[in-house]
Amino acid sequence: MSPARRRVSSGVPFEQAVGYSRAVAAGDFIFVSGCTSMADGKVVYEGDMAKQTEQALLNASAALEQFGASLADVVQTRIYVTDISRWAQAGEAHRLAFEDAPPAATMVQVAALIDPLLLVEVEVVAHREGSPGEDEAEPDESETPPDAIRLDEPSTDASI
């Protein structure tokens, strides 16, 4: 049995078409799906990698706020760019957003994003103790099935 999860939507049509949530809170972690430079259903800052990165991070921040968290709680980011030669522009916007508490980060080039006008997409993972669903019960370890593999105990099963 796993602890309850909470999900939020930003209302963009892609969420329903693809079948994903903008953000999911599980325990003390909040996972925000890839955010892009969309505002009011339209791509903004066409051609501007830095401003698109900034907008993507603002959109991620808005998702975090629905769980009472902020960019200050972010522990990891993944930045997907369509042109790695412009990495410094995306990197500077990222640096400014996380100046006080830089998260672990990865930046990679991708062939394309869902709209050709989009240059960058950013995913974030945040950690906040006692955050979303803090009043929800954690699973009772006594309910663990006897054949479950426990990662905190060495296995005695030689076939693993």
# chains A, B, ... in the order shown; residues from 1 in each chain; ligands from 1

$ closest_atom_pairs --of "stretch 35-103 of chain A" --to "stretch 17-27 of chain A" --cutoff "10 Å" --atoms "only C-alpha atoms" --output "CSV"
residue,atom,partner,partner_atom,distance
A:Cys35,CA,A:Arg22,CA,8.3
A:Asn59,CA,A:Arg22,CA,9.7
A:Ala60,CA,A:Arg22,CA,8.6
A:Ala63,CA,A:Ala23,CA,6.3
A:Leu64,CA,A:Ala23,CA,7.6
A:Gln66,CA,A:Ala23,CA,9.0
A:Phe67,CA,A:Ala25,CA,7.7

$ atom_distance --atom1 "atom CA of A:Arg128" --atom2 "atom CA of A:Phe29"
6.4 Å

$ residues_around --residues "A:Gly41" --least-positions-apart "5" --cutoff "10 Å" --atoms "only C-alpha atoms" --output "ChimeraX atom specification"
/A:11-13

$ residues_around --residues "A:Ala39" --least-positions-apart "4" --cutoff "9 Å" --atoms "only C-alpha atoms" --output "PDB file with C-alpha atoms, in the first residue's frame"
ATOM      1  CA  VAL A  43       3.733  30.180 -26.785  1.00  0.00           C
ATOM      2  CA  VAL A  44       5.321  33.352 -25.440  1.00  0.00           C
ATOM      3  CA  GLN A  55       8.519  31.490 -18.231  1.00  0.00           C
ATOM      4  CA  ASN A  59       4.927  27.909 -14.698  1.00  0.00           C
TER       5      ASN A  59
END

$ closest_residue --among "A:Ala105, A:Ala88, A:Val81, A:Leu96" --to "A:Val124" --atoms "only C-alpha atoms"
A:Ala105

$ closest_residue --among "A:Leu57, A:Ile79, A:Val74, A:Ala93" --to "A:Val108" --atoms "only C-alpha atoms"
A:Ile79

$ closest_residue --among "A:Val122, A:Ala72, A:Ala62, A:Thr53" --to "A:Ser9" --atoms "only C-alpha atoms"
A:Ala62
